[in-house]
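Asks: Before I ask anything, let me first share the structure, which is written out below as structure tokens.
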Amino acid sequence: MWFEGEGYGKAILIGEHFVVHGARGIGIGIPLKTVVRVRRAPSLAFSFQCGDLLKEATGRILERVAGDADFEVRVESGLPAGAGVGWSASYCVALARAAGKAAGKGMGDAEAAEIAFEGEKVFHGNPSGIDNALASHGGALLFRKGERPEAVALGGKFHFVIANSGKKGPTRELVEMVSSFREGKPEEYGAMEEAEGWLVEKALEALRKGDAEALGRVMDNNNELLARLGLSTPKIEEIRGIALGEGALGAKITGAGGGGCVLILAPDAAKAREIAGKLGDFGAFSFTL
Ligand code: MEV
């Protein structure tokens, strides 16, 4: 008998990397999901190609939830892997939920996020926990490492586009790169962290009021900070240029950067679809929150 679980994709609206070092950040669940199915088997088996990290993360989660890892695992996902939209976190959350059902255990969002964090540590070394929180809860979340994430009530609809600039560097290495920057240039990093904190305040205000123009400006400002940390690429800036030229309100790196996805905010759903169409070569899609 197969047991199934789901996890959301995620996009970070404000604060990637800064959240690793204890700052607040805001993320959103995106309506592309990963579905994992598990059934009892003589030993751990996968019906898809997977690397060592995925095997280790899967084993840890299954053992934690079901007491052993003797399962066959299947996965289907609408999310691109390695693009900064939370494939690994959505997989870990979906697996935790599927394993919970197989073990006859009920599992709330907070518990699924907490178990998935064990898998995220295998993939990313020093994750903040924002990806697994978003993959489990969805919606818009205010996040600070080690604290319970807070749902943000939206004062209106926000229309997003996500475009993929191509394969990004491993999250683990990008996180280490920013950590080295922080250690090597503490004053510069401190000033940037302060600016990021201010952007989180502005973004919260914009989300709560339904003010998309203000949110777009905050996203652009956040991108400037991330570019200063060395996380932008010519392709990311090309996508931003196209989107802003077509009338987007803001556009930014989302996730670890160094390639991967760009999060774009449009003034309305029709414009979001139009921008996604212009960015068709970058696998763009639009959605409303
Ligand atoms: C990755 O989606 C977000 C980072 O801030 C890492 C993390 O928070 O674990 C880069």
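Labeling convention for the structure tokens: chains A, B, ... as they appear, residues from 1 per chain, ligands from 1 in order of appearance.
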Show me which residues are within 6 Å of ligand 1 counting only C-alpha atoms and all ligand atoms, and format the list as a list in words.
Replies: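 Taking only C-alpha atoms and all ligand atoms into account, the residues around ligand 1 at most 6 Å away are Glu16, His17, Val19, Val20, Gly84, Pro127, Ser128, Gly129, Ile130, Asp131, Val175, Gly255 and Ala256 of chain A.
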Asks: Write out the residues from the selection above, keeping all heavy atoms, as a compact mmCIF listing (two decimals), in the first residue's frame.
Replies:
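What landed in selection.txt:
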# COMPACT_ATOMS: atom_id res chain seq x y z
N GLU A 16 17.00 36.21 2.32
CA GLU A 16 17.85 35.01 2.19
C GLU A 16 19.27 35.35 2.63
O GLU A 16 19.71 36.50 2.51
CB GLU A 16 17.83 34.42 0.78
CG GLU A 16 18.01 35.35 -0.37
CD GLU A 16 16.68 35.97 -0.77
OE1 GLU A 16 15.96 35.42 -1.60
OE2 GLU A 16 16.43 37.07 -0.24
N HIS A 17 19.96 34.39 3.11
CA HIS A 17 21.31 34.50 3.68
C HIS A 17 21.33 35.24 5.02
O HIS A 17 21.91 34.73 5.97
CB HIS A 17 22.31 35.14 2.70
CG HIS A 17 22.63 34.22 1.55
ND1 HIS A 17 23.49 33.16 1.70
CD2 HIS A 17 22.16 34.16 0.28
CE1 HIS A 17 23.55 32.50 0.54
NE2 HIS A 17 22.75 33.07 -0.33
N VAL A 19 18.96 35.47 7.05
CA VAL A 19 18.26 34.63 8.03
C VAL A 19 19.16 33.55 8.63
O VAL A 19 18.93 33.10 9.75
CB VAL A 19 16.98 33.96 7.43
CG1 VAL A 19 15.89 34.96 7.19
CG2 VAL A 19 17.30 33.17 6.17
N VAL A 20 20.18 33.13 7.89
CA VAL A 20 21.11 32.11 8.41
C VAL A 20 21.79 32.64 9.67
O VAL A 20 22.13 31.89 10.58
CB VAL A 20 22.16 31.74 7.32
CG1 VAL A 20 23.25 30.83 7.89
CG2 VAL A 20 21.48 31.08 6.12
N GLY A 84 16.64 27.12 -6.43
CA GLY A 84 16.35 28.09 -5.36
C GLY A 84 14.87 28.21 -5.02
O GLY A 84 14.47 29.15 -4.35
N PRO A 127 21.44 25.17 7.41
CA PRO A 127 20.24 25.87 6.95
C PRO A 127 19.59 26.68 8.07
O PRO A 127 19.74 26.34 9.25
CB PRO A 127 19.31 24.74 6.50
CG PRO A 127 19.72 23.56 7.33
CD PRO A 127 21.18 23.74 7.65
N SER A 128 18.88 27.74 7.67
CA SER A 128 18.19 28.53 8.70
C SER A 128 16.90 27.85 9.15
O SER A 128 16.43 28.08 10.26
CB SER A 128 17.84 29.91 8.14
OG SER A 128 16.94 29.75 7.05
N GLY A 129 16.30 27.05 8.26
CA GLY A 129 14.98 26.45 8.54
C GLY A 129 13.85 27.15 7.82
O GLY A 129 12.70 26.71 7.89
N ILE A 130 14.16 28.22 7.07
CA ILE A 130 13.07 28.96 6.39
C ILE A 130 12.47 28.12 5.27
O ILE A 130 11.25 28.13 5.08
CB ILE A 130 13.55 30.35 5.87
CG1 ILE A 130 12.35 31.20 5.42
CG2 ILE A 130 14.58 30.23 4.75
CD1 ILE A 130 12.67 32.67 5.16
N ASP A 131 13.29 27.35 4.55
CA ASP A 131 12.76 26.59 3.41
C ASP A 131 11.78 25.51 3.87
O ASP A 131 10.68 25.37 3.30
CB ASP A 131 13.89 25.93 2.62
CG ASP A 131 14.73 26.93 1.83
OD1 ASP A 131 14.58 28.14 2.07
OD2 ASP A 131 15.54 26.50 0.99
N VAL A 175 26.16 29.73 1.07
CA VAL A 175 25.99 30.12 2.48
C VAL A 175 27.37 30.32 3.13
O VAL A 175 27.59 31.30 3.86
CB VAL A 175 25.14 29.07 3.24
CG1 VAL A 175 25.24 29.25 4.75
CG2 VAL A 175 23.68 29.16 2.80
N GLY A 255 16.21 32.85 -2.96
CA GLY A 255 16.96 31.65 -2.55
C GLY A 255 18.44 31.98 -2.45
O GLY A 255 18.83 33.13 -2.23
N ALA A 256 19.27 30.97 -2.67
CA ALA A 256 20.70 31.15 -2.42
C ALA A 256 21.38 32.07 -3.43
O ALA A 256 22.42 32.66 -3.14
CB ALA A 256 21.39 29.79 -2.39
Asks: Need to verify the contact set: Ser43 in chain A, 10 Å, only C-alpha atoms, exclusion of same-chain residues closer than 4 positions in sequence. Can you return it as a PDB file with N, CA and C atoms, in the first residue's frame?
Replies:
ATOM      1  N   ASP A  68      12.494   2.854  11.012  1.00  0.00           N
ATOM      2  CA  ASP A  68      13.471   2.219  10.105  1.00  0.00           C
ATOM      3  C   ASP A  68      13.254   2.813   8.714  1.00  0.00           C
ATOM      4  N   ALA A  69      14.164   2.443   7.778  1.00  0.00           N
ATOM      5  CA  ALA A  69      14.112   3.068   6.444  1.00  0.00           C
ATOM      6  C   ALA A  69      13.778   2.047   5.360  1.00  0.00           C
ATOM      7  N   ASP A  70      13.039   0.976   5.724  1.00  0.00           N
ATOM      8  CA  ASP A  70      12.740  -0.068   4.739  1.00  0.00           C
ATOM      9  C   ASP A  70      11.495   0.303   3.927  1.00  0.00           C
ATOM     10  N   PHE A  71      11.706   1.207   2.988  1.00  0.00           N
ATOM     11  CA  PHE A  71      10.597   1.699   2.154  1.00  0.00           C
ATOM     12  C   PHE A  71      11.073   1.860   0.714  1.00  0.00           C
ATOM     13  N   GLU A  72      10.126   1.734  -0.216  1.00  0.00           N
ATOM     14  CA  GLU A  72      10.375   2.177  -1.588  1.00  0.00           C
ATOM     15  C   GLU A  72       9.833   3.599  -1.680  1.00  0.00           C
TER      16      GLU A  72
END
Asks: So how many Å separate CA of Gly25 in chain A and CA of Ala81 in chain A, to one decimal?
Replies: 22.5 Å
Asks: Using only C-alpha atoms, find the one residue out of A:Gly108, A:Gly138, A:Gly277, A:Gly59 that sits nearest to Leu95 in chain A.
Replies: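 Closest candidate: A:Gly59.
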